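Next comes protein-v2.txt, a file with compact mmCIF, C-alpha atoms and all ligand atoms.
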```
# COMPACT_ATOMS: atom_id res chain seq x y z
CA MET D 14 115.58 105.05 123.55
CA HIS D 15 115.86 104.16 119.86
CA THR D 16 114.09 101.48 117.83
CA THR D 17 113.66 100.56 114.18
CA VAL D 18 109.86 100.81 114.18
CA GLY D 19 108.01 102.85 116.80
CA ILE D 20 104.39 101.72 116.98
CA ILE D 21 101.76 104.01 118.50
CA GLY D 22 98.79 102.04 119.84
CA GLY D 23 98.40 98.52 121.19
CA GLY D 24 95.10 97.55 119.57
CA PRO D 25 94.95 94.69 117.08
CA ALA D 26 96.84 96.66 114.39
CA GLY D 27 99.78 97.69 116.60
CA LEU D 28 100.08 94.36 118.38
CA LEU D 29 99.93 92.29 115.20
CA LEU D 30 102.43 94.56 113.44
CA ALA D 31 104.85 94.07 116.35
CA ARG D 32 104.43 90.28 116.05
CA LEU D 33 104.96 90.28 112.27
CA LEU D 34 108.09 92.45 112.61
CA HIS D 35 109.45 90.26 115.40
CA ARG D 36 109.08 87.22 113.12
CA ALA D 37 110.91 89.11 110.37
CA GLY D 38 113.76 90.07 112.71
CA VAL D 39 112.88 93.79 112.75
CA ASP D 40 112.74 95.38 116.21
CA SER D 41 109.94 97.59 117.43
CA VAL D 42 108.50 99.26 120.50
CA VAL D 43 104.73 99.52 121.12
CA LEU D 44 103.39 102.48 123.11
CA GLU D 45 99.81 102.08 124.38
CA SER D 46 98.08 104.82 126.35
CA ARG D 47 95.64 102.57 128.25
CA ASP D 48 96.37 99.84 130.78
CA ARG D 49 96.43 96.17 129.88
CA ALA D 50 93.09 95.31 131.51
CA TYR D 51 91.31 98.09 129.59
CA VAL D 52 92.73 97.03 126.23
CA GLU D 53 91.82 93.40 126.87
CA ARG D 54 88.23 94.19 127.87
CA ARG D 55 87.21 96.67 125.17
CA GLN D 56 84.24 95.12 123.32
CA ARG D 57 84.53 95.22 119.55
CA ALA D 58 83.54 93.00 116.64
CA GLY D 59 84.37 89.35 116.30
CA ILE D 60 84.35 88.10 112.71
CA LEU D 61 87.68 86.98 111.28
CA GLU D 62 88.15 86.44 107.57
CA GLN D 63 90.04 83.31 106.52
CA GLY D 64 93.08 85.43 105.64
CA THR D 65 93.03 87.01 109.12
CA VAL D 66 92.93 83.56 110.75
CA ASP D 67 95.85 82.46 108.56
CA VAL D 68 97.94 85.48 109.61
CA LEU D 69 97.20 84.97 113.32
CA ARG D 70 98.24 81.33 113.00
CA ALA D 71 101.42 82.31 111.16
CA VAL D 72 102.50 84.61 114.03
CA GLY D 73 101.87 81.91 116.62
CA ALA D 74 98.54 83.32 117.84
CA GLY D 75 96.40 80.48 116.46
CA ALA D 76 96.25 77.91 119.27
CA ARG D 77 93.32 79.22 121.31
CA LEU D 78 91.70 80.61 118.17
CA ASP D 79 91.71 77.11 116.66
CA ARG D 80 90.29 75.62 119.89
CA GLU D 81 87.66 78.21 120.72
CA GLY D 82 86.89 80.02 117.45
CA LEU D 83 83.54 79.13 115.90
CA VAL D 84 83.88 78.41 112.20
CA HIS D 85 80.88 79.67 110.22
CA ASP D 86 79.92 78.49 106.76
CA GLY D 87 77.42 81.25 106.07
CA ILE D 88 75.04 83.90 107.33
CA GLU D 89 71.28 84.22 107.34
CA LEU D 90 69.44 87.18 105.90
CA ARG D 91 65.93 87.91 107.18
CA PHE D 92 63.64 90.33 105.41
CA ASP D 93 59.97 90.59 104.59
CA GLY D 94 59.30 87.93 107.25
CA ARG D 95 61.45 85.35 105.44
CA ALA D 96 64.88 83.77 106.01
CA HIS D 97 67.56 83.04 103.38
CA ARG D 98 70.84 81.34 104.07
CA LEU D 99 74.02 82.21 102.16
CA ASP D 100 76.39 79.26 101.90
CA PHE D 101 79.85 80.83 101.85
CA PRO D 102 82.03 77.85 100.86
CA ALA D 103 79.65 77.01 97.98
CA LEU D 104 79.60 80.64 96.80
CA THR D 105 83.31 81.41 97.18
CA GLY D 106 85.10 78.19 96.36
CA GLY D 107 85.61 77.17 99.98
CA ARG D 108 86.06 80.31 102.07
CA ARG D 109 84.60 80.60 105.59
CA VAL D 110 84.74 83.05 108.50
CA THR D 111 85.53 82.47 112.17
CA VAL D 112 83.76 84.03 115.14
CA TYR D 113 86.42 84.90 117.71
CA ALA D 114 86.09 88.16 119.64
CA GLN D 115 88.58 90.97 119.12
CA THR D 116 89.10 90.99 122.92
CA GLU D 117 90.44 87.43 122.63
CA VAL D 118 92.69 88.28 119.67
CA VAL D 119 94.12 91.15 121.71
CA LYS D 120 94.68 88.96 124.81
CA ASP D 121 96.53 86.36 122.72
CA LEU D 122 98.74 88.97 121.02
CA VAL D 123 99.55 90.80 124.27
CA ALA D 124 100.57 87.55 125.98
CA LEU D 125 102.84 86.61 123.06
CA GLN D 126 104.43 90.03 122.83
CA LEU D 127 105.18 90.17 126.55
CA ALA D 128 106.59 86.62 126.44
CA GLU D 129 108.87 86.93 123.44
CA GLY D 130 108.60 90.28 121.68
CA GLY D 131 110.06 93.75 121.91
CA PRO D 132 108.90 96.26 124.50
CA LEU D 133 105.16 96.80 124.86
CA LEU D 134 104.52 99.71 127.22
CA PHE D 135 101.07 100.25 128.70
CA GLU D 136 100.00 103.63 130.10
CA ALA D 137 102.42 105.27 127.68
CA GLU D 138 100.52 108.15 126.09
CA VAL D 139 101.93 109.61 122.89
CA HIS D 140 101.58 113.39 122.45
CA ALA D 141 103.37 114.02 119.19
CA VAL D 142 105.40 112.68 116.30
CA ASP D 143 108.28 114.95 115.29
CA GLY D 144 110.15 114.92 112.00
CA ALA D 145 107.89 112.48 110.18
CA ASP D 146 109.43 113.55 106.88
CA THR D 147 113.05 113.31 108.11
CA ASP D 148 115.37 110.29 108.43
CA ARG D 149 115.06 110.27 112.19
CA PRO D 150 111.45 110.69 113.31
CA ALA D 151 110.76 110.78 117.03
CA ILE D 152 107.78 109.96 119.21
CA ARG D 153 107.16 112.05 122.33
CA TYR D 154 105.21 110.32 125.09
CA THR D 155 104.60 110.24 128.82
CA HIS D 156 105.29 107.08 130.81
CA GLU D 157 105.40 106.68 134.60
CA GLY D 158 104.92 110.40 134.98
CA ARG D 159 107.92 111.36 132.82
CA GLU D 160 108.15 112.90 129.36
CA GLN D 161 110.18 110.60 127.12
CA THR D 162 111.35 110.47 123.51
CA LEU D 163 111.63 107.40 121.31
CA THR D 164 113.68 107.97 118.19
CA CYS D 165 112.87 105.62 115.31
CA ASP D 166 113.72 104.74 111.75
CA TYR D 167 109.98 104.49 111.07
CA VAL D 168 106.84 105.45 112.99
CA VAL D 169 103.52 103.66 112.59
CA GLY D 170 100.29 105.21 113.83
CA CYS D 171 98.07 102.32 114.95
CA ASP D 172 96.31 104.59 117.41
CA GLY D 173 92.74 104.24 116.21
CA PHE D 174 90.15 106.80 115.20
CA HIS D 175 90.88 109.09 118.19
CA GLY D 176 94.64 108.83 117.77
CA ILE D 177 97.10 111.66 117.24
CA ALA D 178 99.52 110.14 114.69
CA ARG D 179 97.69 111.45 111.64
CA THR D 180 97.99 115.03 112.91
CA ALA D 181 101.70 114.72 112.04
CA VAL D 182 100.67 114.69 108.37
CA PRO D 183 100.42 118.38 107.38
CA GLU D 184 96.80 119.37 106.87
CA HIS D 185 97.30 120.52 103.28
CA LEU D 186 98.62 117.05 102.32
CA ARG D 187 95.72 115.20 103.92
CA THR D 188 92.28 114.52 102.46
CA THR D 189 89.47 113.11 104.53
CA TYR D 190 86.39 111.40 103.14
CA GLU D 191 83.47 110.88 105.46
CA ARG D 192 79.89 109.77 105.69
CA THR D 193 77.85 109.56 108.85
CA TYR D 194 74.60 107.63 109.20
CA PRO D 195 71.33 108.73 110.78
CA TYR D 196 71.32 105.74 113.17
CA SER D 197 73.49 103.92 115.69
CA TRP D 198 73.67 100.39 117.11
CA LEU D 199 72.65 99.38 120.59
CA GLY D 200 74.82 96.34 121.35
CA ILE D 201 74.34 93.87 124.17
CA LEU D 202 76.33 90.94 125.47
CA ALA D 203 74.12 88.34 127.14
CA GLU D 204 74.67 85.11 129.02
CA ALA D 205 72.24 83.31 126.77
CA PRO D 206 73.03 80.51 124.31
CA PRO D 207 72.46 81.60 120.70
CA VAL D 208 69.52 79.62 119.31
CA TYR D 209 70.87 80.14 115.77
CA ASP D 210 73.86 78.43 114.21
CA GLU D 211 74.91 81.38 112.11
CA LEU D 212 74.77 85.16 112.27
CA ILE D 213 71.40 86.63 111.36
CA TYR D 214 71.20 90.01 109.59
CA ALA D 215 67.61 91.26 109.69
CA HIS D 216 65.91 94.00 107.67
CA SER D 217 62.56 94.94 109.16
CA PRO D 218 60.12 97.86 109.09
CA ARG D 219 61.17 98.47 112.72
CA GLY D 220 64.84 98.74 111.72
CA PHE D 221 67.90 96.55 111.47
CA ALA D 222 68.89 93.81 113.93
CA LEU D 223 71.88 91.48 114.08
CA ALA D 224 72.28 88.28 116.05
CA SER D 225 75.89 87.29 116.62
CA MET D 226 77.64 85.29 119.30
CA ARG D 227 80.81 85.05 121.32
CA THR D 228 80.71 81.45 122.58
CA PRO D 229 78.11 78.66 122.61
CA ALA D 230 76.88 80.21 125.90
CA VAL D 231 77.16 83.94 125.13
CA SER D 232 75.13 85.94 122.60
CA ARG D 233 76.10 89.28 121.08
CA LEU D 234 73.09 91.16 119.71
CA TYR D 235 72.57 94.53 118.06
CA LEU D 236 69.59 96.78 117.33
CA GLN D 237 69.46 99.83 115.11
CA VAL D 238 68.53 102.84 117.31
CA PRO D 239 68.33 106.60 116.66
CA ASN D 240 71.53 108.62 117.07
CA GLY D 241 71.84 110.01 120.57
CA THR D 242 69.99 107.08 122.16
CA ASP D 243 70.64 106.67 125.89
CA PRO D 244 71.10 102.97 126.75
CA ALA D 245 69.20 103.68 129.98
CA ASP D 246 66.05 104.06 127.84
CA TRP D 247 66.45 100.43 126.85
CA PRO D 248 65.80 98.18 129.84
CA ASP D 249 66.65 94.53 129.12
CA GLU D 250 63.05 93.42 128.49
CA ARG D 251 62.57 96.17 125.93
CA VAL D 252 65.73 95.08 124.10
CA TRP D 253 64.67 91.43 123.99
CA ASP D 254 61.12 92.27 122.86
CA GLU D 255 62.42 94.51 120.09
CA LEU D 256 64.96 91.92 118.92
CA ASP D 257 62.23 89.26 118.74
CA ALA D 258 59.97 91.64 116.79
CA ARG D 259 62.70 92.42 114.23
CA PHE D 260 63.73 88.78 113.72
CA ALA D 261 60.09 87.57 113.38
CA LEU D 262 59.42 85.01 110.64
CA ASP D 263 56.04 84.41 108.98
CA SER D 264 56.79 80.68 108.75
CA ALA D 265 57.70 80.33 112.45
CA PRO D 266 55.55 82.73 114.47
CA GLY D 267 56.85 81.29 117.75
CA TRP D 268 60.54 81.93 116.92
CA ARG D 269 62.17 83.63 119.91
CA LEU D 270 65.70 84.35 121.08
CA LYS D 271 66.79 82.66 124.27
CA ARG D 272 66.99 85.33 126.99
CA GLY D 273 69.58 85.59 129.75
CA PRO D 274 71.34 88.14 131.94
CA VAL D 275 72.60 91.15 129.96
CA THR D 276 76.21 91.81 131.02
CA GLN D 277 76.99 94.83 128.78
CA LYS D 278 74.96 97.42 126.94
CA ALA D 279 76.31 100.29 124.83
CA VAL D 280 75.41 102.54 121.92
CA LEU D 281 77.87 102.58 119.01
CA PRO D 282 77.99 105.27 116.31
CA MET D 283 78.10 104.31 112.62
CA ARG D 284 80.62 106.04 110.42
CA SER D 285 82.46 105.66 107.12
CA TRP D 286 85.72 107.60 107.10
CA VAL D 287 89.04 107.46 105.20
CA THR D 288 92.09 109.69 105.44
CA GLU D 289 94.55 109.77 102.54
CA PRO D 290 97.40 109.19 102.05
CA MET D 291 98.28 106.53 104.64
CA ARG D 292 101.95 107.53 104.58
CA HIS D 293 103.89 110.75 105.05
CA GLY D 294 107.67 110.38 104.83
CA ARG D 295 108.58 107.82 107.47
CA LEU D 296 105.18 107.90 109.19
CA PHE D 297 102.65 105.22 108.26
CA LEU D 298 99.02 104.95 109.38
CA ALA D 299 97.32 101.58 109.82
CA GLY D 300 93.90 100.32 110.93
CA ASP D 301 91.30 102.63 112.47
CA ALA D 302 93.87 105.47 112.52
CA ALA D 303 93.39 105.67 108.73
CA HIS D 304 89.88 104.35 108.06
CA ILE D 305 86.60 103.46 109.73
CA VAL D 306 83.79 101.35 108.32
CA PRO D 307 80.32 100.91 109.81
CA PRO D 308 80.27 97.49 111.51
CA THR D 309 77.59 95.96 109.29
CA GLY D 310 80.10 94.20 107.03
CA ALA D 311 82.40 93.14 109.93
CA LYS D 312 85.42 94.56 108.09
CA GLY D 313 87.14 96.85 110.66
CA LEU D 314 89.45 94.34 112.30
CA ASN D 315 90.16 92.54 109.04
CA LEU D 316 91.16 95.78 107.31
CA ALA D 317 93.53 96.59 110.17
CA VAL D 318 95.12 93.15 109.76
CA ALA D 319 95.50 93.58 106.01
CA ASP D 320 97.22 96.98 106.47
CA VAL D 321 99.84 95.67 108.86
CA VAL D 322 100.51 92.59 106.73
CA VAL D 323 101.30 94.88 103.79
CA LEU D 324 103.38 97.18 106.00
CA ALA D 325 105.35 94.42 107.73
CA ARG D 326 106.20 92.95 104.34
CA ALA D 327 107.40 96.35 103.12
CA LEU D 328 109.48 97.03 106.25
CA ALA D 329 111.04 93.56 106.07
CA HIS D 330 111.77 94.11 102.39
CA ARG D 331 113.48 97.38 103.25
CA ALA D 332 115.51 95.72 106.05
CA GLY D 333 116.53 92.87 103.74
CA THR D 334 117.26 94.73 100.51
CA GLY D 335 117.54 98.44 101.37
CA SER D 336 114.76 99.12 98.84
CA ASP D 337 111.95 101.56 99.66
CA GLU D 338 109.82 100.35 96.79
CA LEU D 339 107.18 98.53 98.85
CA LEU D 340 107.10 101.25 101.52
CA GLU D 341 106.42 103.82 98.80
CA ALA D 342 103.58 101.66 97.45
CA TYR D 343 102.08 101.07 100.94
CA SER D 344 99.38 103.73 100.86
CA ASP D 345 98.11 102.92 97.36
CA THR D 346 98.23 99.17 98.00
CA CYS D 347 96.16 99.50 101.18
CA LEU D 348 93.72 102.09 99.87
CA ARG D 349 92.58 99.82 97.04
CA ARG D 350 91.39 97.24 99.56
CA VAL D 351 90.13 99.94 101.97
CA TRP D 352 87.85 101.49 99.36
CA ARG D 353 86.50 98.09 98.32
CA ALA D 354 85.64 97.43 101.97
CA GLU D 355 84.20 100.95 102.34
CA HIS D 356 81.87 100.27 99.45
CA PHE D 357 80.83 96.87 100.75
CA SER D 358 80.23 98.15 104.30
CA TYR D 359 78.23 101.11 102.98
CA ALA D 360 76.12 98.85 100.75
CA MET D 361 75.40 96.35 103.55
CA THR D 362 74.54 99.21 105.90
CA THR D 363 72.24 101.15 103.61
CA THR D 364 70.52 98.02 102.29
CA LEU D 365 69.68 96.68 105.74
CA HIS D 366 68.91 99.78 107.88
CA ALA D 367 65.77 101.90 107.96
CA ASP D 368 66.81 105.50 107.34
CA PRO D 369 64.34 107.70 109.28
CA ALA D 370 63.99 109.83 106.13
CA GLN D 371 63.44 106.97 103.73
CA SER D 372 60.37 106.80 101.54
CA PRO D 373 58.29 103.68 100.79
CA PHE D 374 60.05 103.71 97.40
CA ASP D 375 63.45 103.43 99.11
CA THR D 376 62.20 100.51 101.19
CA ARG D 377 61.02 98.74 98.02
CA LEU D 378 64.50 99.19 96.52
CA GLN D 379 66.10 97.64 99.62
CA LEU D 380 63.75 94.67 99.45
CA ALA D 381 64.40 94.26 95.72
CA GLN D 382 68.14 94.13 96.38
CA LEU D 383 67.74 91.62 99.22
CA GLU D 384 65.48 89.51 97.01
CA ARG D 385 68.14 89.60 94.32
CA ILE D 386 70.78 88.35 96.77
CA ALA D 387 68.42 85.61 97.94
CA THR D 388 67.62 84.37 94.44
CA SER D 389 70.68 85.07 92.27
CA PRO D 390 73.87 83.06 92.83
CA HIS D 391 75.77 85.94 91.20
CA ALA D 392 74.47 88.53 93.64
CA ALA D 393 74.93 86.16 96.58
CA ALA D 394 78.49 85.36 95.46
CA GLU D 395 79.34 89.06 95.34
CA LEU D 396 78.23 89.47 98.96
CA ALA D 397 79.96 86.25 100.09
CA ASP D 398 83.19 87.16 98.30
CA ASN D 399 83.41 90.50 100.11
CA TYR D 400 82.24 89.15 103.46
CA THR D 401 84.71 86.27 103.60
CA GLY D 402 87.48 88.61 102.46
CA LEU D 403 89.25 89.49 99.26
CA PRO D 404 92.92 88.46 98.90
CA MET D 405 95.37 90.51 100.97
CA GLY D 406 97.04 93.07 98.69
N1 LIG D 501 99.13 107.09 122.56
C1 LIG D 501 99.20 105.74 122.70
N2 LIG D 501 98.18 104.90 122.37
C2 LIG D 501 97.08 105.45 121.87
C3 LIG D 501 96.94 106.84 121.66
C4 LIG D 501 98.03 107.67 122.04
N3 LIG D 501 97.97 109.00 121.89
N4 LIG D 501 95.70 107.08 121.13
C5 LIG D 501 95.10 105.88 121.02
N5 LIG D 501 95.91 104.88 121.46
C6 LIG D 501 95.61 103.44 121.51
C7 LIG D 501 94.21 103.11 122.00
O1 LIG D 501 94.13 103.07 123.41
C8 LIG D 501 94.00 101.74 121.39
O2 LIG D 501 94.41 100.69 122.24
O3 LIG D 501 95.64 102.94 120.20
C9 LIG D 501 94.86 101.75 120.14
C10 LIG D 501 94.04 101.73 118.88
O4 LIG D 501 93.38 100.50 118.80
P1 LIG D 501 92.00 100.27 118.04
O5 LIG D 501 91.12 101.44 118.24
O6 LIG D 501 91.51 98.93 118.43
O7 LIG D 501 92.41 100.30 116.48
P2 LIG D 501 93.14 99.21 115.57
O8 LIG D 501 94.25 98.54 116.28
O9 LIG D 501 93.38 99.92 114.27
O10 LIG D 501 92.08 98.07 115.36
C11 LIG D 501 91.02 98.16 114.49
O11 LIG D 501 89.31 98.19 116.09
O12 LIG D 501 87.48 99.63 116.03
C12 LIG D 501 87.94 98.36 115.82
O13 LIG D 501 86.48 97.69 114.17
C13 LIG D 501 87.78 98.08 114.43
O14 LIG D 501 88.16 95.91 114.86
C14 LIG D 501 88.76 97.04 114.30
C15 LIG D 501 89.90 97.41 115.11
C1 LIG D 502 79.96 90.93 116.27
O1 LIG D 502 79.92 89.71 116.53
O2 LIG D 502 80.25 91.77 117.15
C2 LIG D 502 79.63 91.37 114.91
C3 LIG D 502 79.36 90.45 113.94
C4 LIG D 502 79.06 90.87 112.65
C5 LIG D 502 79.02 92.20 112.36
C6 LIG D 502 79.31 93.15 113.32
C7 LIG D 502 79.62 92.74 114.61
O3 LIG D 502 78.70 92.58 111.10
```
Kindly transcribe the structure held in the file into structure tokens.
Amino acid sequence: MHTTVGIIGGGPAGLLLARLLHRAGVDSVVLESRDRAYVERRQRAGILEQGTVDVLRAVGAGARLDREGLVHDGIELRFDGRAHRLDFPALTGGRRVTVYAQTEVVKDLVALQLAEGGPLLFEAEVHAVDGADTDRPAIRYTHEGREQTLTCDYVVGCDGFHGIARTAVPEHLRTTYERTYPYSWLGILAEAPPVYDELIYAHSPRGFALASMRTPAVSRLYLQVPNGTDPADWPDERVWDELDARFALDSAPGWRLKRGPVTQKAVLPMRSWVTEPMRHGRLFLAGDAAHIVPPTGAKGLNLAVADVVVLARALAHRAGTGSDELLEAYSDTCLRRVWRAEHFSYAMTTTLHADPAQSPFDTRLQLAQLERIATSPHAAAELADNYTGLPMG
């Protein structure tokens, strides 16, 4: 089999790239190691920047998003027993975010691709990329029990943090930047209506907590926990009690979350990680295959979208004009935005979490920064600008 663009991984990055290329008249094949049900159920974040919503609409994946997505005009910060709202449109000249789970984005893109796109193969596990720096790279994979080869003009690794595509970049040409954090998130999904209109990010002496949502009937909630935490140590009542304690407000001592059946519970690691460059010859890396941010700034999915928008434009430019100029600029173009998001995600994370090693001095600095955001339109605008998303490069 031969295709113009061989895409490894059918997460949001791979699926959206296939859609963008289809619209541009460039053919592609997507190889995904898992089955469809697994990919459509995998719980991830759910905050879409305005630019991400615009791209999904442009590829025809906007109908259910427009019906079911929850448009948010801000977030709430809680610290020192107080609540402060950030009004995004007022701070950014009109930008908002939309709450629509990544699982739903994936379902919409899979359905579209199967209905009118190029091949999307599930349970097709890629083992290797050969000849990344030649004119005819090839992807070796197993499908239906047989070893197969897909030759391509270009290969794109959209295979996430645990993917294999980046191993095709020789080690001496690759640089990895990493930071791990001394805490994780315990995330739950609960059949309980959120009692808050907007997301709540809470700094507390007990640690960070985040109240998000999936629908008007389903809450998504997170607690900072120590690394290595076993979810079994957190029975539902303990989770709810701890969430209430971390969201507590001096002005509303009776404020409580609405409780309901917990349908999922998992511990998620926190990591900042970037591999450079994002291109080697005719191999390109996009999304989590090239960079990870801790989830505090809700940037992971949006960064993946920005990468594939830049890449699809460059591949279409090449198909239309024969020029490699945009493909050659791909890595630098993406990395500028990636590092901005890395900084933002790091700053949100370290300002809001309680590091087990932090001193009372460090805590005072965190509170001073949060106070600054709550009282200075300049500081608030800086957060809002990053959160709602900088222009796609
Ligand atoms: N062969 C084929 N597919 C593979 C292989 C392989 N060897 N290795 C991994 N995959 C698939 C995974 O099963 C997964 O479906 O690649 C896909 C990668 O998808 P994601 O991990 O969702 O990464 P990406 O598409 O870049 O999306 C980024 O994911 O982690 C979140 O916060 C992040 O929301 C952001 C989004
Ligand atoms: C989520 O809804 O899962 C979510 C929201 C905001 C974040 C991270 C995750 O910062």
Counting all atoms listed in the file, the residue among D:Ala71, D:Ala124, D:Leu234, D:Ala303 that lies closest to ligand LIG 502 (chain D) is D:Leu234
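Ranking D:Val118, D:Val52, D:Leu104, D:Ala222 by their shortest atom-to-atom distance to Ala397 (chain D), with all atoms listed in the file included, puts D:Leu104 first.
Nearest residue to Ala245 (chain D) among D:Lys278, D:Arg80, D:Arg233, D:Arg187 is D:Lys278, counting only C-alpha atoms.
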Just the residues within 9 Å of region 355-360 of chain D, please, counting all atoms listed in the file, with nothing from its chain fewer than 4 positions along; format it as a VMD selection string.
chain D and resid 285 to 287 304 to 312 350 to 351 364 to 365 396 399 to 400
At a cut-off of 10 Å, can you tabulate as JSON lines every residue of chain D near ligand LIG 502 (chain D) together with its closest atom pair and the distance in Å to one decimal, using all atoms listed in the file and ordering rows by chain then number?
```
{"residue": "D:Gln56", "atom": "CA", "partner": "D:LIG502", "partner_atom": "O2", "distance": 8.1}
{"residue": "D:Arg57", "atom": "CA", "partner": "D:LIG502", "partner_atom": "O2", "distance": 6.0}
{"residue": "D:Ala58", "atom": "CA", "partner": "D:LIG502", "partner_atom": "O2", "distance": 3.5}
{"residue": "D:Gly59", "atom": "CA", "partner": "D:LIG502", "partner_atom": "O1", "distance": 4.5}
{"residue": "D:Ile60", "atom": "CA", "partner": "D:LIG502", "partner_atom": "C3", "distance": 5.7}
{"residue": "D:Leu61", "atom": "CA", "partner": "D:LIG502", "partner_atom": "C3", "distance": 9.4}
{"residue": "D:Ile88", "atom": "CA", "partner": "D:LIG502", "partner_atom": "C4", "distance": 9.6}
{"residue": "D:Val112", "atom": "CA", "partner": "D:LIG502", "partner_atom": "O1", "distance": 7.0}
{"residue": "D:Tyr113", "atom": "CA", "partner": "D:LIG502", "partner_atom": "O1", "distance": 8.2}
{"residue": "D:Ala114", "atom": "CA", "partner": "D:LIG502", "partner_atom": "O1", "distance": 7.1}
{"residue": "D:Gln115", "atom": "CA", "partner": "D:LIG502", "partner_atom": "O2", "distance": 8.6}
{"residue": "D:Trp198", "atom": "CA", "partner": "D:LIG502", "partner_atom": "C6", "distance": 9.9}
{"residue": "D:Gly200", "atom": "CA", "partner": "D:LIG502", "partner_atom": "O2", "distance": 8.2}
{"residue": "D:Ile201", "atom": "CA", "partner": "D:LIG502", "partner_atom": "O2", "distance": 9.4}
{"residue": "D:Leu202", "atom": "CA", "partner": "D:LIG502", "partner_atom": "O2", "distance": 9.2}
{"residue": "D:Leu212", "atom": "CA", "partner": "D:LIG502", "partner_atom": "C4", "distance": 7.2}
{"residue": "D:Ile213", "atom": "CA", "partner": "D:LIG502", "partner_atom": "C4", "distance": 8.8}
{"residue": "D:Tyr214", "atom": "CA", "partner": "D:LIG502", "partner_atom": "O3", "distance": 8.1}
{"residue": "D:Leu223", "atom": "CA", "partner": "D:LIG502", "partner_atom": "C4", "distance": 7.3}
{"residue": "D:Ala224", "atom": "CA", "partner": "D:LIG502", "partner_atom": "C3", "distance": 7.7}
{"residue": "D:Ser225", "atom": "CA", "partner": "D:LIG502", "partner_atom": "O1", "distance": 4.7}
{"residue": "D:Met226", "atom": "CA", "partner": "D:LIG502", "partner_atom": "O1", "distance": 5.7}
{"residue": "D:Arg227", "atom": "CA", "partner": "D:LIG502", "partner_atom": "O1", "distance": 6.7}
{"residue": "D:Ser232", "atom": "CA", "partner": "D:LIG502", "partner_atom": "O1", "distance": 8.6}
{"residue": "D:Arg233", "atom": "CA", "partner": "D:LIG502", "partner_atom": "O1", "distance": 6.0}
{"residue": "D:Leu234", "atom": "CA", "partner": "D:LIG502", "partner_atom": "O2", "distance": 7.6}
{"residue": "D:Tyr235", "atom": "CA", "partner": "D:LIG502", "partner_atom": "C7", "distance": 8.1}
{"residue": "D:Pro307", "atom": "CA", "partner": "D:LIG502", "partner_atom": "C6", "distance": 8.6}
{"residue": "D:Pro308", "atom": "CA", "partner": "D:LIG502", "partner_atom": "C6", "distance": 4.8}
{"residue": "D:Thr309", "atom": "CA", "partner": "D:LIG502", "partner_atom": "O3", "distance": 4.0}
{"residue": "D:Gly310", "atom": "CA", "partner": "D:LIG502", "partner_atom": "O3", "distance": 4.6}
{"residue": "D:Ala311", "atom": "CA", "partner": "D:LIG502", "partner_atom": "O3", "distance": 3.9}
{"residue": "D:Lys312", "atom": "CA", "partner": "D:LIG502", "partner_atom": "O3", "distance": 7.6}
{"residue": "D:Gly313", "atom": "CA", "partner": "D:LIG502", "partner_atom": "C6", "distance": 9.1}
{"residue": "D:Ser358", "atom": "CA", "partner": "D:LIG502", "partner_atom": "O3", "distance": 8.9}
{"residue": "D:Met361", "atom": "CA", "partner": "D:LIG502", "partner_atom": "O3", "distance": 9.1}
{"residue": "D:Thr362", "atom": "CA", "partner": "D:LIG502", "partner_atom": "O3", "distance": 9.4}
{"residue": "D:Tyr400", "atom": "CA", "partner": "D:LIG502", "partner_atom": "O3", "distance": 9.1}
```
Work out how far apart CA of Ala299 (chain D) and CA of Thr189 (chain D) are and give it in Å to one decimal.
14.9 Å
What is the distance between CA of Leu90 (chain D) and CA of Ala279 (chain D), in Å to one decimal?
24.0 Å
Please determine, counting all atoms listed in the file, which residue among D:Trp253, D:Pro102, D:Thr363, D:Arg292 has the shortest atom-to-atom distance to Tyr196 (chain D).
D:Thr363
